[in-house]
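Report on the structure given below.
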Amino acid sequence: MSQDILRIGALARLSGATPKALRLYEALGLIPEPRRQGSYRVYEQRHLDAVRLIRQAQAVGFKLQELRALTASANRPAPGEPLARDVALQAVQAKRAALAAQQQRLQLQLDELAVCERLLLQAFDCPDVQPA
């Protein structure tokens with residue numbers, strides 16, 4: 001077998017994904033359908049690159065369904081639609097904005113938690129004083 005050809009186990013080891021996940025990515029259309037040698041799926045470097053990109057996208061918060069929608073629009077752009085690269089970059093920018101908003105909400109929660117902690121400490125230090 002050539003170095004450029006991988007079976008599912010080798011692709012799983014190199015990408016960090018499980019064989020089950022690889023079959024799911026294929027079923028969802030996230031990776032190109034592999035060639036077959038007999039009953040075996042045969043993967044190439046492009047499959048490994050695609051799986052690594054999927055795993056990186058998941059690590060930063062993309063859901064498989066978001067990636068599926070993105071892949072569908074990239075593979076079948078309607079006439080007048082932006083280039084696939086532009087669609088992908090817009091998705092990344094939207095995810096960045098969503099994470100920034102989430103970060104703001106978390107910071108507000110941390111600030112409120114600090115107030116709660118202060119009030120608890122005051123209540124335990126001075127039992128006669130009621131928190132405001």
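Identifiers in the structure tokens: chain A, B, ... in order shown; residue index from 1 per chain; ligand index from 1 in order shown.
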Contacts of Arg41 of chain A within 10 Å, only C-alpha atoms, excl. fewer than 4 positions in-chain, as a VMD selection string
chain A and resid 5 to 8 23 33 to 37
Residues within 12 Å of segment 90-101 of chain A, only C-alpha atoms, excluding chain neighbours under 4 positions, as a VMD selection string
chain A and resid 56 to 63 66 to 71 73 to 74 82 to 86 105 to 108
Please dump the current selection as a CSV table (one decimal), in the first residue's frame; keep C-alpha atoms.
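Result saved to out07.csv:
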```csv
chain,number,residue,atom,x,y,z
A,56,GLN,CA,-10.1,22.3,14.6
A,57,ALA,CA,-13.4,23.9,13.8
A,58,GLN,CA,-15.1,21.7,16.5
A,59,ALA,CA,-12.5,22.7,19.0
A,60,VAL,CA,-13.4,26.4,18.5
A,61,GLY,CA,-17.1,25.8,18.9
A,62,PHE,CA,-18.5,24.8,15.4
A,63,LYS,CA,-21.1,22.1,15.5
A,66,GLU,CA,-23.0,24.2,11.1
A,67,LEU,CA,-20.1,22.6,9.2
A,68,ARG,CA,-22.6,20.6,7.1
A,69,ALA,CA,-24.4,23.8,6.1
A,70,LEU,CA,-21.2,25.5,5.4
A,71,THR,CA,-20.0,22.6,3.3
A,73,SER,CA,-23.1,26.1,0.5
A,74,ALA,CA,-19.4,25.8,-0.5
A,82,PRO,CA,-20.1,34.6,-2.7
A,83,LEU,CA,-17.1,32.4,-3.3
A,84,ALA,CA,-16.8,29.4,-0.9
A,85,ARG,CA,-13.9,31.0,0.8
A,86,ASP,CA,-15.9,34.1,1.5
A,105,ARG,CA,-21.9,37.5,29.3
A,106,LEU,CA,-19.4,35.3,31.3
A,107,GLN,CA,-17.5,38.4,32.5
A,108,LEU,CA,-20.8,39.9,33.7
```
If DSSP is run on the backbone, what residues of chain A are strand (DSSP E or B)? A reply as a ChimeraX atom specification would be ideal.
/A:6,35-37,40-43
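Reported to one decimal place, the separation of atom CA of Ile31 of chain A from atom CA of Ala50 of chain A is 6.1 Å.
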Would you work out the distance separating atom CA of Arg13 of chain A from atom CA of Glu26 of chain A, expressed in Å to one decimal?
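Taking atom CA of Arg13 of chain A as the start and atom CA of Glu26 of chain A as the end point, the length is 16.8 Å.
Between atom CA of Leu53 of chain A and atom CA of Gln65 of chain A the interatomic distance comes to 14.7 Å.
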If you run DSSP on the backbone here, which positions in segment 19-124 of chain A get alpha helix (DSSP H)? Please write them as a VMD selection string.
chain A and resid 19 to 27 45 to 59 64 to 75 84 to 124
Contact residues around Ala17 of chain A with only C-alpha atoms at 10 Å, ignoring same-chain residues under 2 positions, as a list in words:
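In the requested format, the answer is Ile8, Gly9, Leu11, Ala12, Arg13, Leu14, Ser15, Pro19, Lys20, Ala21, Leu22, Val51, Arg52, Ile54 and Arg55 of chain A.
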Those same residues - C-alpha atoms - I'd like them written as a CSV table (one decimal), in the first residue's frame.
```csv
chain,number,residue,atom,x,y,z
A,8,ILE,CA,-9.8,4.1,8.1
A,9,GLY,CA,-7.6,3.0,11.1
A,11,LEU,CA,-6.7,8.0,9.1
A,12,ALA,CA,-8.1,7.8,12.6
A,13,ARG,CA,-4.7,7.6,14.2
A,14,LEU,CA,-3.3,10.4,12.2
A,15,SER,CA,-6.3,12.7,12.6
A,19,PRO,CA,-13.4,5.5,12.8
A,20,LYS,CA,-17.0,6.0,13.8
A,21,ALA,CA,-16.6,9.8,13.6
A,22,LEU,CA,-14.9,9.4,10.2
A,51,VAL,CA,-10.7,15.8,9.1
A,52,ARG,CA,-8.1,18.0,10.7
A,54,ILE,CA,-13.3,19.6,11.0
A,55,ARG,CA,-11.6,18.8,14.3
```
Kindly indicate which residue among A:Leu110, A:Val42, A:Leu28, A:Leu48 lies nearest to Gly16 of chain A, using only C-alpha atoms for the distances.
A:Leu48
